[in-house]
>>> print(open('run-v2.txt').read())   # compact mmCIF, N, CA and C atoms
# COMPACT_ATOMS: atom_id res chain seq x y z
N MET A 1 188.97 50.77 124.14
CA MET A 1 190.42 50.64 124.12
C MET A 1 191.07 51.88 124.73
N ALA A 2 190.57 53.05 124.34
CA ALA A 2 191.15 54.29 124.86
C ALA A 2 191.00 54.38 126.37
N GLU A 3 189.85 53.99 126.89
CA GLU A 3 189.65 54.03 128.34
C GLU A 3 190.67 53.14 129.05
N THR A 4 190.91 51.95 128.54
CA THR A 4 191.87 51.03 129.15
C THR A 4 193.28 51.61 129.14
N VAL A 5 193.69 52.19 128.01
CA VAL A 5 195.04 52.75 127.90
C VAL A 5 195.18 53.99 128.80
N LEU A 6 194.18 54.87 128.79
CA LEU A 6 194.24 56.05 129.66
C LEU A 6 194.36 55.65 131.13
N ARG A 7 193.61 54.66 131.53
CA ARG A 7 193.69 54.20 132.91
C ARG A 7 195.07 53.61 133.22
N ALA A 8 195.64 52.87 132.28
CA ALA A 8 196.94 52.24 132.50
C ALA A 8 198.05 53.27 132.63
N TYR A 9 198.01 54.30 131.81
CA TYR A 9 199.04 55.34 131.85
C TYR A 9 198.81 56.31 132.99
N GLY A 10 197.61 56.33 133.52
CA GLY A 10 197.29 57.32 134.53
C GLY A 10 196.90 58.62 133.88
N ALA A 11 197.69 59.07 132.95
CA ALA A 11 197.44 60.27 132.15
C ALA A 11 197.11 61.50 132.97
N GLY A 12 197.25 61.43 134.28
CA GLY A 12 196.98 62.59 135.12
C GLY A 12 195.52 62.97 135.17
N TRP A 13 194.65 62.09 134.76
CA TRP A 13 193.22 62.38 134.73
C TRP A 13 192.57 61.67 135.89
N ALA A 14 191.75 62.36 136.63
CA ALA A 14 191.13 61.78 137.82
C ALA A 14 190.12 60.70 137.46
N VAL A 15 189.29 60.95 136.47
CA VAL A 15 188.24 60.01 136.09
C VAL A 15 188.26 59.83 134.58
N VAL A 16 188.24 58.59 134.14
CA VAL A 16 188.20 58.28 132.72
C VAL A 16 187.00 57.37 132.49
N ALA A 17 186.19 57.72 131.50
CA ALA A 17 185.03 56.89 131.17
C ALA A 17 184.80 56.95 129.67
N SER A 18 184.39 55.85 129.12
CA SER A 18 184.12 55.76 127.69
C SER A 18 182.62 55.77 127.47
N ALA A 19 182.20 56.51 126.45
CA ALA A 19 180.78 56.54 126.08
C ALA A 19 180.70 56.83 124.60
N GLY A 20 179.64 56.35 123.99
CA GLY A 20 179.44 56.56 122.57
C GLY A 20 178.25 57.45 122.29
N THR A 21 178.29 58.13 121.17
CA THR A 21 177.14 58.95 120.78
C THR A 21 176.10 58.11 120.08
N ARG A 22 176.50 56.95 119.60
CA ARG A 22 175.58 56.07 118.87
C ARG A 22 175.61 54.65 119.43
N ALA A 23 176.01 54.51 120.66
CA ALA A 23 176.06 53.18 121.27
C ALA A 23 174.67 52.58 121.31
N ALA A 24 174.63 51.28 121.25
CA ALA A 24 173.35 50.57 121.30
C ALA A 24 172.64 50.88 122.62
N PRO A 25 171.32 50.89 122.62
CA PRO A 25 170.58 51.17 123.84
C PRO A 25 170.89 50.18 124.97
N ARG A 26 171.22 48.95 124.58
CA ARG A 26 171.56 47.92 125.56
C ARG A 26 173.09 47.79 125.59
N ALA A 27 173.66 47.71 126.79
CA ALA A 27 175.11 47.62 126.94
C ALA A 27 175.65 46.33 126.31
N HIS A 28 176.84 46.45 125.71
CA HIS A 28 177.51 45.31 125.09
C HIS A 28 178.91 45.18 125.67
N ASP A 29 179.44 43.94 125.61
CA ASP A 29 180.82 43.70 126.02
C ASP A 29 181.77 44.33 125.01
N MET A 30 183.02 44.47 125.41
CA MET A 30 184.05 44.96 124.52
C MET A 30 184.23 43.97 123.36
N ASP A 31 184.46 44.49 122.18
CA ASP A 31 184.73 43.65 121.01
C ASP A 31 185.91 42.73 121.33
N ALA A 32 185.78 41.47 120.99
CA ALA A 32 186.82 40.47 121.28
C ALA A 32 188.15 40.84 120.64
N ARG A 33 188.11 41.44 119.46
CA ARG A 33 189.36 41.83 118.78
C ARG A 33 190.03 42.98 119.51
N ALA A 34 189.25 43.91 120.04
CA ALA A 34 189.81 45.01 120.83
C ALA A 34 190.43 44.47 122.11
N ARG A 35 189.71 43.58 122.78
CA ARG A 35 190.22 42.99 124.01
C ARG A 35 191.52 42.23 123.73
N ALA A 36 191.57 41.46 122.64
CA ALA A 36 192.77 40.70 122.29
C ALA A 36 193.96 41.62 122.02
N ALA A 37 193.72 42.71 121.30
CA ALA A 37 194.81 43.66 121.02
C ALA A 37 195.35 44.27 122.31
N LEU A 38 194.45 44.61 123.22
CA LEU A 38 194.88 45.18 124.51
C LEU A 38 195.68 44.16 125.32
N VAL A 39 195.18 42.95 125.42
CA VAL A 39 195.85 41.91 126.21
C VAL A 39 197.21 41.58 125.61
N GLN A 40 197.29 41.55 124.28
CA GLN A 40 198.57 41.26 123.62
C GLN A 40 199.64 42.28 124.02
N ARG A 41 199.20 43.52 124.28
CA ARG A 41 200.17 44.56 124.69
C ARG A 41 200.23 44.71 126.21
N ARG A 42 199.72 43.73 126.90
CA ARG A 42 199.81 43.64 128.35
C ARG A 42 198.95 44.64 129.12
N TYR A 43 197.89 45.13 128.49
CA TYR A 43 196.90 45.93 129.19
C TYR A 43 195.90 44.98 129.85
N GLN A 44 195.23 45.48 130.85
CA GLN A 44 194.23 44.67 131.55
C GLN A 44 192.86 45.34 131.43
N PRO A 45 192.14 45.06 130.35
CA PRO A 45 190.81 45.65 130.21
C PRO A 45 189.88 45.17 131.33
N ALA A 46 189.01 46.05 131.75
CA ALA A 46 188.06 45.70 132.81
C ALA A 46 187.22 44.50 132.38
N VAL A 47 187.09 43.54 133.25
CA VAL A 47 186.35 42.32 132.95
C VAL A 47 184.88 42.63 132.69
N LYS A 48 184.33 43.55 133.45
CA LYS A 48 182.90 43.85 133.33
C LYS A 48 182.64 45.14 132.55
N TRP A 49 183.56 45.52 131.66
CA TRP A 49 183.36 46.73 130.86
C TRP A 49 182.12 46.55 129.99
N ARG A 50 181.31 47.61 129.91
CA ARG A 50 180.11 47.61 129.07
C ARG A 50 180.01 48.93 128.34
N SER A 51 179.55 48.87 127.10
CA SER A 51 179.34 50.10 126.34
C SER A 51 178.20 50.89 126.96
N ARG A 52 178.22 52.19 126.72
CA ARG A 52 177.12 53.04 127.17
C ARG A 52 177.05 54.26 126.27
N ARG A 53 175.89 54.88 126.27
CA ARG A 53 175.72 56.14 125.53
C ARG A 53 176.10 57.30 126.42
N ILE A 54 176.57 58.37 125.78
CA ILE A 54 176.84 59.59 126.52
C ILE A 54 175.49 60.14 127.01
N VAL A 55 175.49 60.69 128.20
CA VAL A 55 174.27 61.26 128.78
C VAL A 55 174.52 62.72 129.12
N SER A 56 173.47 63.47 129.30
CA SER A 56 173.59 64.92 129.53
C SER A 56 174.46 65.24 130.74
N GLU A 57 174.43 64.40 131.76
CA GLU A 57 175.24 64.65 132.96
C GLU A 57 176.74 64.59 132.65
N ASP A 58 177.13 63.85 131.61
CA ASP A 58 178.55 63.76 131.26
C ASP A 58 179.13 65.14 130.93
N PHE A 59 178.34 65.99 130.29
CA PHE A 59 178.83 67.32 129.93
C PHE A 59 179.12 68.16 131.16
N VAL A 60 178.44 67.91 132.23
CA VAL A 60 178.63 68.62 133.49
C VAL A 60 179.75 67.96 134.29
N ASN A 61 179.75 66.63 134.35
CA ASN A 61 180.64 65.90 135.25
C ASN A 61 182.07 65.73 134.77
N PHE A 62 182.32 65.86 133.47
CA PHE A 62 183.67 65.64 132.95
C PHE A 62 184.27 66.96 132.46
N SER A 63 185.58 67.09 132.67
CA SER A 63 186.26 68.33 132.27
C SER A 63 186.72 68.30 130.80
N ARG A 64 186.87 67.11 130.23
CA ARG A 64 187.25 66.95 128.82
C ARG A 64 186.39 65.85 128.23
N ILE A 65 185.90 66.07 127.02
CA ILE A 65 185.15 65.05 126.30
C ILE A 65 185.75 64.99 124.90
N LEU A 66 186.37 63.87 124.59
CA LEU A 66 187.12 63.74 123.35
C LEU A 66 186.42 62.78 122.40
N ALA A 67 186.21 63.24 121.18
CA ALA A 67 185.58 62.43 120.14
C ALA A 67 186.65 61.70 119.34
N MET A 68 186.32 60.50 118.91
CA MET A 68 187.26 59.73 118.11
C MET A 68 187.20 60.09 116.63
N ASP A 69 186.05 60.60 116.18
CA ASP A 69 185.93 60.96 114.76
C ASP A 69 184.95 62.12 114.60
N GLU A 70 184.90 62.63 113.38
CA GLU A 70 184.06 63.80 113.08
C GLU A 70 182.57 63.53 113.28
N ASP A 71 182.11 62.33 112.97
CA ASP A 71 180.69 62.02 113.17
C ASP A 71 180.33 62.13 114.65
N ASN A 72 181.19 61.59 115.51
CA ASN A 72 180.93 61.69 116.94
C ASN A 72 181.05 63.12 117.44
N MET A 73 181.99 63.87 116.89
CA MET A 73 182.12 65.28 117.28
C MET A 73 180.87 66.05 116.89
N TYR A 74 180.35 65.79 115.72
CA TYR A 74 179.11 66.44 115.27
C TYR A 74 177.98 66.13 116.25
N ASP A 75 177.84 64.86 116.61
CA ASP A 75 176.79 64.47 117.57
C ASP A 75 177.00 65.13 118.92
N LEU A 76 178.25 65.20 119.38
CA LEU A 76 178.53 65.83 120.67
C LEU A 76 178.17 67.31 120.64
N ARG A 77 178.56 68.01 119.58
CA ARG A 77 178.26 69.44 119.47
C ARG A 77 176.75 69.69 119.48
N ARG A 78 175.99 68.81 118.85
CA ARG A 78 174.53 68.97 118.80
C ARG A 78 173.88 68.75 120.16
N SER A 79 174.44 67.87 120.97
CA SER A 79 173.81 67.56 122.25
C SER A 79 174.42 68.29 123.45
N CYS A 80 175.55 68.93 123.26
CA CYS A 80 176.26 69.60 124.36
C CYS A 80 175.66 70.97 124.65
N PRO A 81 175.37 71.25 125.92
CA PRO A 81 174.91 72.60 126.27
C PRO A 81 176.00 73.63 125.93
N PRO A 82 175.62 74.80 125.46
CA PRO A 82 176.60 75.81 125.02
C PRO A 82 177.68 76.12 126.06
N GLU A 83 177.32 76.11 127.32
CA GLU A 83 178.30 76.44 128.36
C GLU A 83 179.37 75.36 128.56
N HIS A 84 179.21 74.22 127.91
CA HIS A 84 180.19 73.14 128.04
C HIS A 84 180.91 72.82 126.72
N LEU A 85 180.63 73.56 125.68
CA LEU A 85 181.26 73.30 124.38
C LEU A 85 182.77 73.36 124.45
N HIS A 86 183.31 74.19 125.33
CA HIS A 86 184.77 74.33 125.44
C HIS A 86 185.45 73.03 125.90
N LYS A 87 184.70 72.08 126.41
CA LYS A 87 185.25 70.82 126.89
C LYS A 87 185.47 69.80 125.76
N LEU A 88 184.87 70.06 124.60
CA LEU A 88 184.93 69.11 123.49
C LEU A 88 186.23 69.23 122.70
N GLY A 89 186.73 68.12 122.23
CA GLY A 89 187.90 68.10 121.38
C GLY A 89 187.99 66.75 120.68
N MET A 90 188.90 66.67 119.75
CA MET A 90 189.16 65.41 119.04
C MET A 90 190.27 64.66 119.79
N PHE A 91 190.15 63.37 119.89
CA PHE A 91 191.13 62.56 120.61
C PHE A 91 192.53 62.76 120.04
N LEU A 92 192.65 62.80 118.72
CA LEU A 92 193.98 62.93 118.12
C LEU A 92 194.53 64.36 118.18
N ASP A 93 193.76 65.30 118.71
CA ASP A 93 194.31 66.62 119.00
C ASP A 93 195.44 66.50 120.02
N LEU A 94 195.47 65.41 120.74
CA LEU A 94 196.51 65.17 121.74
C LEU A 94 197.87 64.89 121.11
N VAL A 95 197.88 64.51 119.83
CA VAL A 95 199.12 64.13 119.15
C VAL A 95 199.59 65.29 118.27
N PRO A 96 200.80 65.80 118.51
CA PRO A 96 201.31 66.86 117.65
C PRO A 96 201.28 66.44 116.17
N GLY A 97 200.73 67.32 115.32
CA GLY A 97 200.65 67.04 113.90
C GLY A 97 199.42 66.26 113.46
N MET A 98 198.57 65.86 114.41
CA MET A 98 197.39 65.07 114.05
C MET A 98 196.09 65.76 114.45
N ALA A 99 196.18 67.02 114.85
CA ALA A 99 194.98 67.75 115.30
C ALA A 99 193.89 67.71 114.24
N GLY A 100 192.68 67.45 114.70
CA GLY A 100 191.52 67.43 113.81
C GLY A 100 191.31 66.13 113.07
N GLN A 101 192.25 65.20 113.16
CA GLN A 101 192.10 63.93 112.46
C GLN A 101 191.26 62.95 113.26
N SER A 102 190.69 62.00 112.56
CA SER A 102 189.85 60.99 113.19
C SER A 102 190.62 59.69 113.42
N VAL A 103 190.25 59.02 114.49
CA VAL A 103 190.72 57.66 114.72
C VAL A 103 189.83 56.77 113.85
N PRO A 104 190.41 55.93 112.99
CA PRO A 104 189.57 55.09 112.13
C PRO A 104 188.79 54.07 112.94
N ASP A 105 187.58 53.78 112.52
CA ASP A 105 186.75 52.79 113.18
C ASP A 105 187.15 51.41 112.66
N PRO A 106 187.70 50.57 113.53
CA PRO A 106 188.19 49.26 113.07
C PRO A 106 187.11 48.17 113.02
N TYR A 107 185.92 48.47 113.45
CA TYR A 107 184.90 47.45 113.68
C TYR A 107 184.63 46.55 112.47
N PHE A 108 184.53 47.13 111.29
CA PHE A 108 184.18 46.33 110.11
C PHE A 108 185.41 45.84 109.35
N GLY A 109 186.59 46.04 109.93
CA GLY A 109 187.82 45.62 109.26
C GLY A 109 188.47 44.42 109.92
N SER A 110 189.75 44.32 109.71
CA SER A 110 190.52 43.17 110.20
C SER A 110 191.10 43.46 111.59
N VAL A 111 191.75 42.46 112.13
CA VAL A 111 192.43 42.59 113.42
C VAL A 111 193.49 43.68 113.36
N GLN A 112 194.12 43.83 112.20
CA GLN A 112 195.16 44.86 112.05
C GLN A 112 194.60 46.27 112.29
N GLY A 113 193.34 46.47 111.98
CA GLY A 113 192.71 47.76 112.23
C GLY A 113 192.68 48.09 113.71
N PHE A 114 192.47 47.10 114.54
CA PHE A 114 192.47 47.31 115.99
C PHE A 114 193.88 47.60 116.49
N GLU A 115 194.86 46.96 115.88
CA GLU A 115 196.26 47.25 116.23
C GLU A 115 196.62 48.70 115.88
N ARG A 116 196.19 49.14 114.70
CA ARG A 116 196.45 50.52 114.27
C ARG A 116 195.78 51.53 115.21
N VAL A 117 194.55 51.26 115.58
CA VAL A 117 193.84 52.15 116.51
C VAL A 117 194.56 52.18 117.85
N LEU A 118 195.02 51.05 118.31
CA LEU A 118 195.76 51.01 119.57
C LEU A 118 197.06 51.80 119.47
N ASP A 119 197.75 51.73 118.32
CA ASP A 119 198.94 52.56 118.10
C ASP A 119 198.60 54.05 118.26
N LEU A 120 197.50 54.47 117.65
CA LEU A 120 197.09 55.88 117.73
C LEU A 120 196.72 56.28 119.14
N ILE A 121 196.02 55.42 119.84
CA ILE A 121 195.63 55.72 121.22
C ILE A 121 196.87 55.86 122.09
N GLU A 122 197.80 54.95 121.96
CA GLU A 122 199.03 55.02 122.75
C GLU A 122 199.81 56.29 122.43
N ALA A 123 199.88 56.66 121.17
CA ALA A 123 200.57 57.90 120.79
C ALA A 123 199.90 59.11 121.42
N ALA A 124 198.59 59.13 121.40
CA ALA A 124 197.85 60.26 121.98
C ALA A 124 198.10 60.37 123.47
N VAL A 125 198.11 59.26 124.15
CA VAL A 125 198.33 59.28 125.59
C VAL A 125 199.77 59.68 125.91
N ARG A 126 200.73 59.13 125.18
CA ARG A 126 202.15 59.46 125.41
C ARG A 126 202.45 60.92 125.11
N GLU A 127 201.90 61.42 124.01
CA GLU A 127 202.22 62.76 123.54
C GLU A 127 201.24 63.82 124.02
N SER A 128 200.38 63.46 124.92
CA SER A 128 199.30 64.34 125.35
C SER A 128 199.79 65.74 125.70
N ARG A 129 199.16 66.69 125.02
CA ARG A 129 199.42 68.10 125.32
C ARG A 129 198.29 68.70 126.11
N ILE A 130 197.18 68.01 126.19
CA ILE A 130 196.02 68.52 126.90
C ILE A 130 196.01 67.90 128.29
N ARG A 131 195.87 68.71 129.28
CA ARG A 131 195.82 68.25 130.66
C ARG A 131 194.40 68.48 131.18
N PRO A 132 194.04 67.76 132.22
CA PRO A 132 192.70 67.96 132.78
C PRO A 132 192.48 69.41 133.16
N GLN A 133 191.28 69.86 132.93
CA GLN A 133 190.94 71.23 133.30
C GLN A 133 190.39 71.22 134.71
N GLY A 134 190.69 72.28 135.45
CA GLY A 134 190.23 72.36 136.84
C GLY A 134 188.86 72.74 136.92
>>> encode(input="run-v2.txt", output="C-alpha cells")
Amino acid sequence: MAETVLRAYGAGWAVVASAGTRAAPRAHDMDARARAALVQRRYQPAVKWRSRRIVSEDFVNFSRILAMDEDNMYDLRRSCPPEHLHKLGMFLDLVPGMAGQSVPDPYFGSVQGFERVLDLIEAAVRESRIRPQG
C-alpha cells in the first residue's frame, strides 16, 4: 500500500520499492483487501505487484529504508551493514508527533484495519519531513 501511495504522490523520491523482512520465499499478490482500499481511494496499484524479501543490495541501492513496525526495524538493524544504518528509519517518523510509532499490521483484522493503515500512509506521505538523501 505504501509503495502505491508513494508512487502516486511522487514524494520527490526517484525510486520506490516495497520489501519485507519476513516475506514468504515465494512472491505473492497484494492482499485483496489492501488492493480494494487503494482502488476505493482512486489509487492504481500495479497489476503485477509481487511481494519480495529485502536483499543485501537494497542497503546499498536505496537512500532510505523505512520500517513499518519495530519487529521489522529490529530485523533491518540485524541485517544492515554498519555503514548503511543511517538510512534506516520508521515510516511514521515522517509524521510530526508520530516518530517511533508502528503502523499496525491489518492482515489478521477487518477491512477497516486496511483503511486505517491507508490513512496513516497518506498522512506520512503528505506530512513528510524526510527527503531523499543524495
>>> residues_near_point(input="run-v2.txt", point="(194.1, 64.9, 121.2)", cutoff="12 Å", atoms="only C-alpha atoms", output="number ranges by chain")
A: 2, 64-69, 88-103, 120-131
>>> closest_residue(input="run-v2.txt", among="A:Ser63, A:Asp119, A:Asp31, A:Lys87", to="Val15 (chain A)", atoms="only C-alpha atoms")
A:Ser63
>>> residues_near_point(input="run-v2.txt", point="(195.2, 45.5, 118.6)", cutoff="8 Å", atoms="all atoms listed in the file", output="VMD selection string")
chain A and resid 33 to 41 111 to 119
>>> closest_residue(input="run-v2.txt", among="A:Asp29, A:Thr21, A:Gln44, A:Asp58", to="Asp75 (chain A)", atoms="only N, CA and C atoms")
A:Thr21
>>> select_by_dssp(input="run-v2.txt", residues="chain A", states="strand (DSSP E)", output="JSON, numbers by chain")
{"A": [65, 66, 67, 88, 89, 90]}
>>> write_last_selection(input="run-v2.txt", atoms="N, CA and C atoms", output="short mmCIF file (atom, residue, chain, number, x, y, z; two decimals), in the coordinates of the input")
data_model
loop_
_atom_site.label_atom_id
_atom_site.label_comp_id
_atom_site.auth_asym_id
_atom_site.auth_seq_id
_atom_site.Cartn_x
_atom_site.Cartn_y
_atom_site.Cartn_z
N ILE A 65 185.90 66.07 127.02
CA ILE A 65 185.15 65.05 126.30
C ILE A 65 185.75 64.99 124.90
N LEU A 66 186.37 63.87 124.59
CA LEU A 66 187.12 63.74 123.35
C LEU A 66 186.42 62.78 122.40
N ALA A 67 186.21 63.24 121.18
CA ALA A 67 185.58 62.43 120.14
C ALA A 67 186.65 61.70 119.34
N LEU A 88 184.87 70.06 124.60
CA LEU A 88 184.93 69.11 123.49
C LEU A 88 186.23 69.23 122.70
N GLY A 89 186.73 68.12 122.23
CA GLY A 89 187.90 68.10 121.38
C GLY A 89 187.99 66.75 120.68
N MET A 90 188.90 66.67 119.75
CA MET A 90 189.16 65.41 119.04
C MET A 90 190.27 64.66 119.79
#
>>> atom_distance(input="run-v2.txt", atom1="CA of Thr4 (chain A)", atom2="CA of Val16 (chain A)")
8.9 Å
>>> select_by_dssp(input="run-v2.txt", residues="region 4-114 of chain A", states="alpha helix (DSSP H)", output="ChimeraX atom specification")
/A:4-9,32-40,56-61,70-79,111-114
>>> atom_distance(input="run-v2.txt", atom1="CA of Arg7 (chain A)", atom2="CA of Arg52 (chain A)")
17.6 Å
>>> atom_distance(input="run-v2.txt", atom1="atom N of Glu57 (chain A)", atom2="atom N of His86 (chain A)")
14.7 Å
>>> closest_residue(input="run-v2.txt", among="A:Ala46, A:Met30, A:Pro106, A:Arg53", to="Ala8 (chain A)", atoms="only C-alpha atoms")
A:Ala46
